[in-house]
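Dropping entry-v5.csv in here (CSV, C-alpha atoms and all ligand atoms):
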```
chain,number,residue,atom,x,y,z
A,10,MET,CA,0.0,0.0,0.0
A,11,ARG,CA,1.3,3.4,-0.9
A,12,PRO,CA,1.9,5.6,2.2
A,13,THR,CA,-1.2,7.7,2.4
A,14,GLY,CA,-1.1,8.6,6.1
A,15,ALA,CA,-4.0,7.9,8.4
A,16,LEU,CA,-6.5,5.4,6.9
A,17,HIS,CA,-10.2,5.6,6.6
A,18,LEU,CA,-13.3,3.3,6.6
A,19,GLY,CA,-12.9,2.7,2.8
A,20,HIS,CA,-9.5,1.1,3.4
A,21,TYR,CA,-10.8,-0.8,6.4
A,22,HIS,CA,-13.6,-2.5,4.6
A,23,GLY,CA,-12.0,-2.7,1.2
A,24,VAL,CA,-8.6,-3.9,2.2
A,25,LEU,CA,-7.5,-4.2,5.8
A,26,ARG,CA,-10.2,-6.6,7.1
A,27,ASN,CA,-9.2,-8.9,4.2
A,28,TRP,CA,-5.5,-8.6,5.1
A,29,VAL,CA,-6.2,-9.5,8.8
A,30,ALA,CA,-8.3,-12.5,7.7
A,31,LEU,CA,-5.6,-13.7,5.3
A,32,ALA,CA,-3.0,-13.4,8.1
A,33,GLN,CA,-5.0,-15.9,10.2
A,34,ASP,CA,-3.9,-18.9,8.1
A,35,HIS,CA,-1.2,-17.6,5.7
A,36,ASP,CA,2.3,-16.5,5.9
A,37,CYS,CA,1.8,-12.8,4.9
A,38,LEU,CA,4.1,-9.9,4.1
A,39,TYR,CA,2.6,-6.4,3.9
A,40,PHE,CA,4.8,-3.4,3.0
A,41,VAL,CA,4.7,0.4,2.6
A,42,ALA,CA,5.3,1.1,-1.1
A,43,ASP,CA,7.2,4.3,-0.6
A,44,TRP,CA,9.1,3.9,-3.9
A,45,HIS,CA,5.9,3.5,-5.7
A,46,ALA,CA,4.7,6.8,-4.1
A,47,LEU,CA,7.5,8.5,-5.8
A,48,THR,CA,6.4,7.5,-9.3
A,49,THR,CA,3.6,10.0,-9.1
A,50,ARG,CA,4.3,12.3,-6.2
A,51,LEU,CA,7.6,14.0,-5.8
A,52,ASP,CA,6.3,17.3,-4.5
A,53,ARG,CA,6.0,16.6,-0.7
A,54,PRO,CA,9.0,14.5,0.4
A,55,GLU,CA,8.6,15.8,3.9
A,56,GLU,CA,5.3,13.9,4.2
A,57,LEU,CA,6.7,10.5,3.3
A,58,ALA,CA,8.1,9.4,6.6
A,59,HIS,CA,5.1,10.8,8.5
A,60,HIS,CA,2.6,9.1,6.3
A,61,THR,CA,4.5,5.8,6.5
A,62,ARG,CA,4.4,5.8,10.3
A,63,GLU,CA,0.7,6.8,10.5
A,64,MET,CA,-0.3,4.1,8.1
A,65,VAL,CA,1.6,1.4,9.8
A,66,ILE,CA,0.0,2.5,13.1
A,67,ASP,CA,-3.4,1.9,11.6
A,68,TRP,CA,-2.4,-1.4,10.1
A,69,ILE,CA,-1.4,-2.7,13.6
A,70,ALA,CA,-4.4,-1.0,15.2
A,71,VAL,CA,-6.9,-2.9,13.0
A,72,GLY,CA,-5.4,-6.2,14.1
A,73,LEU,CA,-2.3,-7.0,12.0
A,74,ASP,CA,0.0,-8.7,14.5
A,75,PRO,CA,3.6,-7.8,13.7
A,76,THR,CA,4.8,-11.0,15.4
A,77,ARG,CA,2.8,-13.1,13.0
A,78,VAL,CA,3.1,-11.1,9.8
A,79,THR,CA,6.0,-9.2,8.3
A,80,LEU,CA,5.4,-5.5,8.1
A,81,PHE,CA,8.1,-3.5,6.4
A,82,VAL,CA,9.0,-0.5,4.2
A,83,GLN,CA,9.9,-1.2,0.6
A,84,SER,CA,12.9,1.3,0.4
A,85,ARG,CA,14.6,-0.5,3.3
A,86,VAL,CA,14.8,-3.7,1.3
A,87,PRO,CA,17.1,-2.8,-1.6
A,88,ALA,CA,16.6,-6.2,-3.2
A,89,HIS,CA,13.3,-4.8,-4.6
A,90,ALA,CA,15.3,-2.2,-6.6
A,91,GLU,CA,17.9,-4.7,-7.8
A,92,LEU,CA,15.3,-7.3,-8.9
A,93,HIS,CA,13.4,-4.4,-10.6
A,94,LEU,CA,16.5,-3.5,-12.5
A,95,LEU,CA,17.3,-7.1,-13.5
A,96,LEU,CA,13.7,-7.8,-14.6
A,97,SER,CA,13.6,-4.6,-16.6
A,98,MET,CA,16.2,-6.1,-18.9
A,99,ILE,CA,13.7,-8.8,-20.1
A,100,VAL,CA,10.5,-6.8,-20.2
A,101,PRO,CA,9.6,-5.4,-23.7
A,102,VAL,CA,8.6,-1.7,-23.5
A,103,GLY,CA,5.4,-2.6,-25.4
A,104,TRP,CA,4.1,-4.6,-22.4
A,105,LEU,CA,4.4,-1.6,-20.2
A,106,GLU,CA,2.8,0.8,-22.7
A,107,ARG,CA,-0.2,-1.4,-22.8
A,108,VAL,CA,-0.8,-1.3,-19.0
A,109,PRO,CA,-4.2,0.4,-18.5
A,110,THR,CA,-3.1,2.9,-15.9
A,111,TYR,CA,-0.2,4.1,-18.1
A,112,LYS,CA,-2.4,4.5,-21.1
A,113,GLU,CA,-4.9,6.5,-19.1
A,114,LEU,CA,-2.3,8.8,-17.6
A,115,ARG,CA,-0.7,9.3,-21.0
A,116,GLN,CA,-4.0,10.4,-22.4
A,117,ALA,CA,-4.7,12.7,-19.5
A,118,ALA,CA,-1.2,14.1,-19.2
A,119,THR,CA,-0.6,17.7,-19.5
A,120,GLY,CA,3.0,18.0,-18.3
A,121,GLU,CA,6.1,16.0,-19.2
A,122,GLU,CA,6.9,15.3,-15.6
A,123,THR,CA,3.9,13.0,-15.3
A,124,LEU,CA,5.3,10.5,-17.7
A,125,SER,CA,8.6,9.7,-16.0
A,126,TYR,CA,10.6,6.6,-16.8
A,127,GLY,CA,9.9,5.5,-13.3
A,128,PHE,CA,6.2,5.6,-13.9
A,129,LEU,CA,6.4,3.6,-17.1
A,130,GLY,CA,8.4,1.0,-15.2
A,131,TYR,CA,6.4,0.8,-12.0
A,132,PRO,CA,4.6,-2.4,-13.0
A,133,VAL,CA,8.0,-4.0,-13.2
A,134,LEU,CA,8.8,-2.8,-9.7
A,135,MET,CA,5.4,-4.2,-8.6
A,136,SER,CA,6.4,-7.5,-10.1
A,137,ALA,CA,9.7,-7.5,-8.3
A,138,ASP,CA,7.9,-6.8,-5.1
A,139,VAL,CA,5.9,-10.0,-5.5
A,140,LEU,CA,8.4,-12.3,-7.2
A,141,LEU,CA,11.1,-11.5,-4.7
A,142,TYR,CA,9.2,-13.5,-2.0
A,143,GLY,CA,8.0,-16.4,-4.1
A,144,ALA,CA,4.5,-15.2,-3.2
A,145,ALA,CA,1.8,-17.8,-3.9
A,146,GLY,CA,-1.0,-15.2,-3.9
A,147,VAL,CA,-1.6,-11.5,-3.9
A,148,PRO,CA,-4.7,-9.9,-2.5
A,149,VAL,CA,-5.8,-7.5,-5.3
A,150,GLY,CA,-8.9,-5.7,-6.5
A,151,GLU,CA,-10.3,-6.2,-10.0
A,152,ASP,CA,-8.5,-3.0,-11.1
A,153,GLN,CA,-5.1,-4.5,-10.3
A,154,LEU,CA,-5.6,-7.8,-12.2
A,155,ALA,CA,-3.8,-6.4,-15.2
A,156,HIS,CA,-0.7,-5.7,-13.1
A,157,LEU,CA,-0.7,-9.2,-11.6
A,158,GLU,CA,-1.1,-10.8,-15.1
A,159,LEU,CA,1.9,-8.8,-16.2
A,160,THR,CA,3.8,-10.2,-13.1
A,161,ARG,CA,2.9,-13.7,-14.2
A,162,GLU,CA,4.0,-13.0,-17.8
A,163,ILE,CA,7.3,-11.6,-16.5
A,164,ALA,CA,7.9,-14.7,-14.3
A,165,ARG,CA,7.0,-17.0,-17.3
A,166,ARG,CA,9.4,-15.1,-19.6
A,167,PHE,CA,12.2,-15.3,-17.0
A,168,ASN,CA,11.6,-19.0,-16.4
A,169,ASP,CA,11.5,-19.7,-20.1
A,170,LEU,CA,14.8,-17.8,-20.7
A,171,TYR,CA,16.7,-19.2,-17.8
A,172,GLY,CA,15.0,-22.3,-16.5
A,173,ARG,CA,16.4,-24.5,-19.2
A,174,GLY,CA,19.9,-23.2,-19.6
A,175,PRO,CA,22.8,-25.6,-20.4
A,176,ALA,CA,23.2,-26.1,-16.6
A,177,PHE,CA,19.7,-27.7,-16.5
A,178,ALA,CA,20.8,-31.2,-17.8
A,179,ALA,CA,23.8,-31.2,-15.4
A,180,ASP,CA,21.6,-30.2,-12.5
A,181,LEU,CA,19.1,-32.9,-13.5
A,182,GLU,CA,21.8,-35.6,-13.6
A,183,ARG,CA,23.1,-34.4,-10.2
A,184,ALA,CA,19.6,-34.5,-8.6
A,185,LEU,CA,18.9,-38.0,-10.0
A,186,GLY,CA,22.1,-39.1,-8.4
A,187,ARG,CA,20.9,-38.1,-5.0
A,188,LEU,CA,18.0,-40.6,-5.2
A,189,ASP,CA,18.6,-44.0,-3.7
A,190,PRO,CA,17.6,-47.0,-5.9
A,191,ALA,CA,14.1,-47.3,-4.3
A,192,GLU,CA,13.4,-43.6,-4.7
A,193,ARG,CA,14.7,-43.7,-8.3
A,194,HIS,CA,12.5,-46.6,-9.1
A,195,GLY,CA,9.5,-44.8,-7.6
A,196,TYR,CA,10.3,-41.6,-9.5
A,197,ASP,CA,10.7,-43.4,-12.8
A,198,GLY,CA,7.4,-45.3,-12.3
A,199,LEU,CA,5.4,-42.2,-11.6
A,200,LEU,CA,7.1,-40.3,-14.4
A,201,ARG,CA,5.9,-43.0,-16.9
A,202,ALA,CA,2.4,-42.9,-15.4
A,203,TYR,CA,2.3,-39.2,-15.9
A,204,ARG,CA,4.0,-38.9,-19.3
A,205,GLU,CA,2.8,-42.1,-21.0
A,206,ARG,CA,-0.6,-42.6,-19.5
A,207,GLY,CA,-1.5,-39.0,-18.7
A,208,GLU,CA,-2.3,-39.7,-15.0
A,209,GLU,CA,-2.4,-36.2,-13.5
A,210,GLU,CA,-2.5,-37.7,-10.0
A,211,ALA,CA,0.9,-39.4,-10.6
A,212,LEU,CA,2.5,-35.9,-10.8
A,213,THR,CA,1.1,-35.0,-7.4
A,214,ARG,CA,2.5,-38.3,-6.0
A,215,LEU,CA,5.8,-37.7,-7.6
A,216,GLU,CA,6.1,-34.3,-6.0
A,217,ALA,CA,5.2,-35.8,-2.6
A,218,LEU,CA,7.9,-38.5,-3.2
A,219,LEU,CA,10.4,-35.8,-3.9
A,220,ALA,CA,9.3,-33.8,-0.8
A,221,ALA,CA,10.1,-36.8,1.4
A,222,VAL,CA,13.6,-37.3,0.0
A,223,ALA,CA,16.0,-36.1,2.6
A,224,GLY,CA,19.1,-34.3,1.3
A,225,LEU,CA,17.7,-33.5,-2.1
A,226,GLY,CA,17.4,-29.8,-1.4
A,227,GLY,CA,14.9,-27.3,-2.8
A,228,ASP,CA,16.9,-26.9,-6.0
A,229,GLY,CA,17.1,-30.6,-6.6
A,230,ARG,CA,13.4,-31.0,-6.0
A,231,ALA,CA,12.6,-28.1,-8.4
A,232,VAL,CA,14.7,-29.6,-11.2
A,233,LEU,CA,13.2,-33.1,-10.9
A,234,ALA,CA,9.7,-31.8,-10.7
A,235,ALA,CA,10.3,-29.5,-13.7
A,236,ALA,CA,11.8,-32.3,-15.7
A,237,ALA,CA,8.7,-34.5,-14.9
A,238,ARG,CA,6.4,-31.7,-16.1
A,239,GLY,CA,8.5,-31.3,-19.2
A,240,THR,CA,9.2,-27.7,-18.5
A,241,GLY,CA,12.3,-25.8,-17.4
A,242,ARG,CA,13.0,-25.0,-13.8
A,243,THR,CA,10.6,-22.6,-12.0
A,244,ILE,CA,12.9,-19.9,-10.8
A,245,LEU,CA,10.3,-17.2,-10.2
A,246,ARG,CA,6.9,-18.4,-9.0
A,247,GLU,CA,3.8,-17.2,-10.7
A,248,PRO,CA,1.5,-15.7,-8.1
A,249,ARG,CA,-2.2,-16.1,-8.4
A,250,PRO,CA,-4.7,-13.3,-7.6
A,251,LEU,CA,-6.6,-13.6,-4.3
A,252,LEU,CA,-9.8,-11.9,-5.3
A,253,THR,CA,-11.9,-11.5,-2.2
A,254,PRO,CA,-15.3,-9.7,-2.7
A,255,THR,CA,-15.2,-6.7,-0.4
A,256,PRO,CA,-18.0,-4.3,0.4
A,257,ARG,CA,-17.8,-0.9,-1.3
A,258,LEU,CA,-18.3,1.9,1.1
A,259,PRO,CA,-19.0,5.2,-0.7
A,260,GLY,CA,-17.6,8.5,0.6
A,261,LEU,CA,-19.7,11.0,2.5
A,262,ASP,CA,-20.5,12.8,-0.8
A,263,GLY,CA,-21.4,9.5,-2.6
A,264,ARG,CA,-18.2,9.4,-4.6
A,265,LYS,CA,-15.4,6.9,-4.0
A,266,MET,CA,-14.2,7.4,-0.5
A,267,SER,CA,-10.8,9.1,-0.8
A,268,LYS,CA,-8.7,11.4,1.3
A,269,SER,CA,-8.2,13.7,-1.7
A,270,TYR,CA,-12.0,14.2,-2.0
A,271,GLY,CA,-12.3,15.1,1.7
A,272,ASN,CA,-15.2,12.6,2.1
A,273,THR,CA,-13.9,10.1,4.6
A,274,ILE,CA,-14.4,9.0,8.1
A,275,THR,CA,-10.9,8.1,9.3
A,276,LEU,CA,-10.1,5.2,11.6
A,277,ARG,CA,-9.1,7.6,14.3
A,278,ASP,CA,-12.0,10.1,14.2
A,279,ASP,CA,-13.5,10.5,17.7
A,280,PRO,CA,-17.3,9.8,18.2
A,281,SER,CA,-18.3,13.4,17.9
A,282,ALA,CA,-16.4,13.8,14.6
A,283,VAL,CA,-17.9,10.6,13.3
A,284,TRP,CA,-21.4,11.8,14.0
A,285,GLU,CA,-20.8,15.2,12.6
A,286,LYS,CA,-19.6,13.7,9.3
A,287,LEU,CA,-22.4,11.1,9.2
A,288,ARG,CA,-25.0,13.7,10.0
A,289,THR,CA,-24.1,15.8,7.0
A,290,MET,CA,-23.7,12.8,4.6
A,291,VAL,CA,-25.6,13.1,1.3
A,292,THR,CA,-28.8,11.1,0.9
A,293,ASP,CA,-31.2,10.4,-1.9
A,294,PRO,CA,-31.6,13.9,-3.5
A,295,ALA,CA,-35.4,13.2,-3.9
A,296,ARG,CA,-35.8,13.5,-0.1
A,297,VAL,CA,-35.8,17.3,0.1
A,298,ARG,CA,-38.3,17.4,2.9
A,299,ARG,CA,-38.9,14.9,5.7
A,300,THR,CA,-42.3,14.1,4.2
A,301,ASP,CA,-40.8,13.2,0.8
A,302,PRO,CA,-40.4,9.4,0.2
A,303,GLY,CA,-37.0,8.2,-0.9
A,304,ASP,CA,-35.3,5.3,-2.6
A,305,PRO,CA,-32.5,3.6,-0.6
A,306,GLU,CA,-31.0,2.4,-3.9
A,307,LYS,CA,-30.2,6.0,-4.8
A,308,CYS,CA,-28.7,6.8,-1.4
A,309,PRO,CA,-25.1,6.3,-0.3
A,310,VAL,CA,-26.2,5.8,3.3
A,311,TRP,CA,-28.0,2.6,2.3
A,312,ALA,CA,-24.6,1.2,1.1
A,313,TRP,CA,-23.4,1.8,4.6
A,314,HIS,CA,-26.4,-0.1,6.1
A,315,LEU,CA,-25.5,-3.0,3.8
A,316,VAL,CA,-22.2,-3.1,5.6
A,317,TYR,CA,-23.2,-2.3,9.2
A,318,SER,CA,-26.8,-3.2,9.8
A,319,ASP,CA,-28.6,-6.5,10.4
A,320,ALA,CA,-31.6,-7.6,8.4
A,321,PRO,CA,-34.3,-6.2,10.6
A,322,THR,CA,-32.7,-2.8,10.6
A,323,ARG,CA,-32.3,-2.9,6.8
A,324,ASP,CA,-36.0,-3.7,6.5
A,325,TRP,CA,-36.8,-0.8,8.8
A,326,VAL,CA,-34.8,1.5,6.7
A,327,ASP,CA,-36.2,0.3,3.4
A,328,ARG,CA,-39.8,0.6,4.5
A,329,GLY,CA,-39.3,3.8,6.4
A,330,CYS,CA,-37.5,5.5,3.6
A,331,ARG,CA,-39.9,4.5,0.8
A,332,THR,CA,-42.9,5.6,2.9
A,333,ALA,CA,-41.3,8.7,4.5
A,334,GLY,CA,-42.0,7.0,7.8
A,335,ILE,CA,-38.5,7.8,9.0
A,336,GLY,CA,-36.3,10.8,8.6
A,337,CYS,CA,-32.7,10.7,7.2
A,338,LEU,CA,-31.3,11.6,10.6
A,339,ASP,CA,-33.1,8.6,12.2
A,340,CYS,CA,-31.7,6.4,9.5
A,341,LYS,CA,-28.1,7.7,10.0
A,342,LYS,CA,-28.4,7.4,13.8
A,343,LYS,CA,-28.8,3.6,13.4
A,344,LEU,CA,-25.3,3.5,11.8
A,345,LEU,CA,-23.6,5.4,14.6
A,346,GLU,CA,-23.4,2.6,17.1
A,347,PRO,CA,-22.0,-0.2,14.9
A,348,ILE,CA,-19.5,2.2,13.4
A,349,LEU,CA,-18.3,3.3,16.8
A,350,ARG,CA,-18.2,-0.3,18.0
A,351,ASP,CA,-15.7,-1.1,15.2
A,352,LEU,CA,-13.7,2.1,15.6
A,353,GLU,CA,-13.3,2.5,19.3
A,354,PRO,CA,-10.8,-0.3,19.9
A,355,ILE,CA,-8.9,0.7,16.7
A,356,ARG,CA,-8.7,4.3,17.9
A,357,ALA,CA,-7.5,3.2,21.4
A,358,ARG,CA,-4.8,1.0,20.0
A,359,ALA,CA,-3.7,3.6,17.5
A,360,GLN,CA,-3.5,6.2,20.2
A,361,GLN,CA,-1.3,3.9,22.3
A,362,LEU,CA,1.0,3.3,19.3
A,363,ALA,CA,1.2,6.9,18.3
A,364,ALA,CA,2.4,7.8,21.8
A,365,ARG,CA,5.3,5.3,21.4
A,366,PRO,CA,6.8,6.1,18.0
A,367,GLY,CA,9.9,4.0,18.9
A,368,GLU,CA,7.8,0.9,19.0
A,369,VAL,CA,6.6,1.4,15.4
A,370,GLU,CA,10.1,2.0,14.3
A,371,ASP,CA,11.3,-1.2,16.0
A,372,ILE,CA,8.5,-3.2,14.3
A,373,LEU,CA,9.6,-1.8,10.9
A,374,GLU,CA,13.2,-2.5,11.5
A,375,GLU,CA,12.5,-6.1,12.5
A,376,GLY,CA,10.1,-6.5,9.5
A,377,GLY,CA,12.8,-5.1,7.2
A,378,ARG,CA,15.4,-7.5,8.6
A,379,ARG,CA,13.1,-10.4,8.0
A,380,ALA,CA,12.1,-9.3,4.5
A,381,ARG,CA,15.8,-8.8,3.5
A,382,ALA,CA,16.6,-12.3,4.8
A,383,ARG,CA,13.8,-13.8,2.8
A,384,ALA,CA,14.5,-11.9,-0.4
A,385,GLU,CA,18.2,-12.6,-0.6
A,386,PRO,CA,18.1,-16.3,-1.7
A,387,VAL,CA,15.6,-15.5,-4.6
A,388,LEU,CA,17.7,-12.6,-5.7
A,389,GLU,CA,20.9,-14.6,-5.5
A,390,THR,CA,19.3,-17.3,-7.7
A,391,VAL,CA,18.3,-14.6,-10.3
A,392,ARG,CA,21.8,-13.1,-10.2
A,393,GLY,CA,23.2,-16.6,-10.9
A,394,CYS,CA,20.9,-17.1,-13.8
A,395,LEU,CA,22.1,-13.9,-15.4
A,396,GLY,CA,25.8,-14.7,-14.8
A,397,LEU,CA,26.1,-12.3,-11.8
A,398,ARG,CA,27.4,-14.2,-8.9
A,399,ARG,CA,28.2,-12.3,-5.7
A,400,ARG,CA,29.3,-15.0,-3.4
A,401,GLY,CA,32.8,-16.4,-3.9
A,402,GLY,CA,34.1,-13.0,-5.2
A,403,GLY,CA,31.9,-12.8,-8.3
A,501,LIG,S1,-34.0,7.5,4.9
A,501,LIG,FE1,-31.9,6.6,4.9
A,501,LIG,S2,-31.8,5.5,3.0
A,501,LIG,FE2,-33.6,6.9,2.8
A,501,LIG,S3,-32.7,8.7,1.8
A,501,LIG,FE3,-32.6,9.0,4.0
A,501,LIG,S4,-30.6,8.4,4.6
A,501,LIG,FE4,-31.0,7.5,2.6
```
Mind turning the file's structure into structure tokens?
Amino acid sequence: MRPTGALHLGHYHGVLRNWVALAQDHDCLYFVADWHALTTRLDRPEELAHHTREMVIDWIAVGLDPTRVTLFVQSRVPAHAELHLLLSMIVPVGWLERVPTYKELRQAATGEETLSYGFLGYPVLMSADVLLYGAAGVPVGEDQLAHLELTREIARRFNDLYGRGPAFAADLERALGRLDPAERHGYDGLLRAYRERGEEEALTRLEALLAAVAGLGGDGRAVLAAAARGTGRTILREPRPLLTPTPRLPGLDGRKMSKSYGNTITLRDDPSAVWEKLRTMVTDPARVRRTDPGDPEKCPVWAWHLVYSDAPTRDWVDRGCRTAGIGCLDCKKKLLEPILRDLEPIRARAQQLAARPGEVEDILEEGGRRARARAEPVLETVRGCLGLRRRGGG
């Protein structure tokens, strides 16, 4: 997530709750994309550190536990930049010019500065962000599917180019040599079942067999599995999109909730600020007077009831609105309690963390250390594929 500062209810329902849920049973990494922020905003560098800290406070306050997930800042893990550079050598410019966000911005651009080299290349940086950790999945919205598809194409291209180099046959020979006779017999049998009889399930059993061979190593397993599939080695893993339907919470003016529109309720607004904003939220324009009937489908407040209210309350709103039996303030008051029930513990945790900035810094330091340690082996493999070896004086 780009560092946008304190977060709002749109982030909470659209992204953060899903992140927290994913962290229950996945090994998750979440990072502040501060380099990405620079691709479109260079004018306020003084805000970057502040926004980073405030955003991470909100992440933790909503329930991301830094002892279970890795929270870090992109620019503190230089491997992202190095992989971006290396991948940029194999990505055709045409792929990037076709990315929808680039096309849109180019059409809308008025000044040269908008179309920086960095902006053209940011989908490659995004790909590096994901491929660096061998991510199995990435939580994305529909609007980011094109970016993730590009990431998959880049991984495929890299694997095609470097997964079958001259070293592959030698690696295969070496890995086969590490199987004892019984394991080799099992491997050959399952290979025939898959290749000659097309038994898909044999491939699964073959991978299980390899997983159980002690001393084979991840590389040996990858080579033998790739040989069985008839492909080259998978060096960069293709991530799949984790598309979770999330509720859409419109802003107070009915447009998309966004800090730049000034139409948000932030996660740290106090109860009086929440009510003041809710009270003045736009409604169905047809309800000019209390006695005018309305249509919930034309009212952004209704979208909030779909998120916060139970079925009886929704029935009450629907009937009361259409018959002018209730006023808009009555309708909005019903939202106040569930919103505050969500926000109060978040606000309390955020206040505690904001009072201890050293703690947030420590969390980000530790997260950065963990991310660097995880990224390095992947990067080292990529360097090796390209003939760039660091270890051993390369
Ligand atoms: S009664 Fe509720 S749903 Fe109907 S227009 Fe007013 S705020 Fe919207």
Quick one: residues within 7 Å of A:Leu225, all atoms listed in the file, excluding same-chain residues fewer than 5 positions away - as JSON, numbers by chain? {"A": [184, 187, 230]}
10 Å shell around ligand LIG 501 (chain A) using only C-alpha atoms and all ligand atoms, listed as a PyMOL selection string: chain A and resi 287-288+290-297+299+301-314+323+325-343
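Excluding A:Val391 and any residue on its chain fewer than 6 positions from it, the residues at most 10 Å away by only C-alpha atoms are Leu92, Leu95, Leu96, Leu141, Phe167, Tyr171, Ile244, Leu245, Glu385, Leu397 and Arg398 of chain A.
Using only C-alpha atoms, the smallest distance between any of A:Gly130, A:Gly207, A:Gly150, A:Gly241 and A:Arg165 comes from A:Gly241.
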Write out as a PyMOL selection string each polymer residue whose atoms come within 12 Å of A:Arg350, counting all atoms listed in the file; drop sequence neighbours fewer than 6 positions from it. chain A and resi 276+279-280+283+317+344+356-357
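Computed from the coordinates, the atom CA of A:Gly260 to atom CA of A:Leu18 distance equals 9.0 Å.
Residues in contact range of A:Asp152, defined as at most 10 Å between only C-alpha atoms, with sequence neighbours fewer than 4 positions away removed, read Pro109, Thr110, His156 and Leu157 of chain A.
Interatomic distance, atom CA of A:Phe40 against atom CA of A:Leu114: 25.0 Å.
Non-sequential neighbours of stretch 197-200 of chain A (distance at most 8 Å, separation of 6 or more positions within a chain, all atoms listed in the file) are Ala211, Leu212, Arg214, Leu215 and Ala237 of chain A.
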Deliver the residues from the most recent selection as a file, using C-alpha atoms, as a short mmCIF file (atom, residue, chain, number, x, y, z; two decimals), in the coordinates of the input.
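out06.cif, freshly written:
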```cif
data_model
loop_
_atom_site.label_atom_id
_atom_site.label_comp_id
_atom_site.auth_asym_id
_atom_site.auth_seq_id
_atom_site.Cartn_x
_atom_site.Cartn_y
_atom_site.Cartn_z
CA ALA A 211 0.90 -39.40 -10.60
CA LEU A 212 2.50 -35.90 -10.80
CA ARG A 214 2.50 -38.30 -6.00
CA LEU A 215 5.80 -37.70 -7.60
CA ALA A 237 8.70 -34.50 -14.90
#
```
Report the closest atom pair, with its distance in Å rounded to one decimal, for each residue of stretch 43-70 of chain A that has an atom no farther than 10 Å from stretch 22-34 of chain A; count only C-alpha atoms, sort by chain and then rising residue number, and write it as CSV.
```
residue,atom,partner,partner_atom,distance
A:Asp67,CA,A:Leu25,CA,9.4
A:Trp68,CA,A:Leu25,CA,7.2
A:Ile69,CA,A:Val29,CA,9.6
```
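Note that atom CA of A:Ile274 and atom CA of A:Lys286 are 7.1 Å apart.
Nearest residue to A:Arg249, choosing from A:Leu345, A:Val139, A:His194, A:Ser267 and counting all atoms listed in the file: A:Val139.
Counting only C-alpha atoms, the residue from A:Arg50, A:Arg378, A:Arg383, A:Arg246 that sits nearest to A:Gly143 is A:Arg246.
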Determine, for each residue of stretch 290-366 of chain A having at least one atom at most 10 Å from an atom of stretch 72-77 of chain A, the closest pair of atoms and their separation in Å to one decimal, counting only C-alpha atoms; order by chain and ascending number, as JSON lines.
```
{"residue": "A:Pro354", "atom": "CA", "partner": "A:Gly72", "partner_atom": "CA", "distance": 9.9}
{"residue": "A:Ile355", "atom": "CA", "partner": "A:Gly72", "partner_atom": "CA", "distance": 8.2}
{"residue": "A:Arg358", "atom": "CA", "partner": "A:Gly72", "partner_atom": "CA", "distance": 9.3}
```
Keeping only C-alpha atoms, write the selected residues to a file as a PDB file, in the coordinates of the input.
```
ATOM      1  CA  PRO A 354     -10.800  -0.300  19.900  1.00  0.00           C
ATOM      2  CA  ILE A 355      -8.900   0.700  16.700  1.00  0.00           C
ATOM      3  CA  ARG A 358      -4.800   1.000  20.000  1.00  0.00           C
TER       4      ARG A 358
END
```
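Counting only C-alpha atoms, the residue from A:Ala223, A:Val65, A:Ala70, A:Ala178 that sits nearest to A:Asp351 is A:Ala70.
Residue nearest A:Glu63 within the list A:Glu106, A:Asp180, A:Glu247, A:Glu370: A:Glu370 [criterion: smallest interatomic distance, only C-alpha atoms].
In this comparison, which uses all atoms listed in the file, the residue of A:Arg204, A:Arg257, A:Arg183, A:Arg264 approaching A:Asp228 most closely is A:Arg183.
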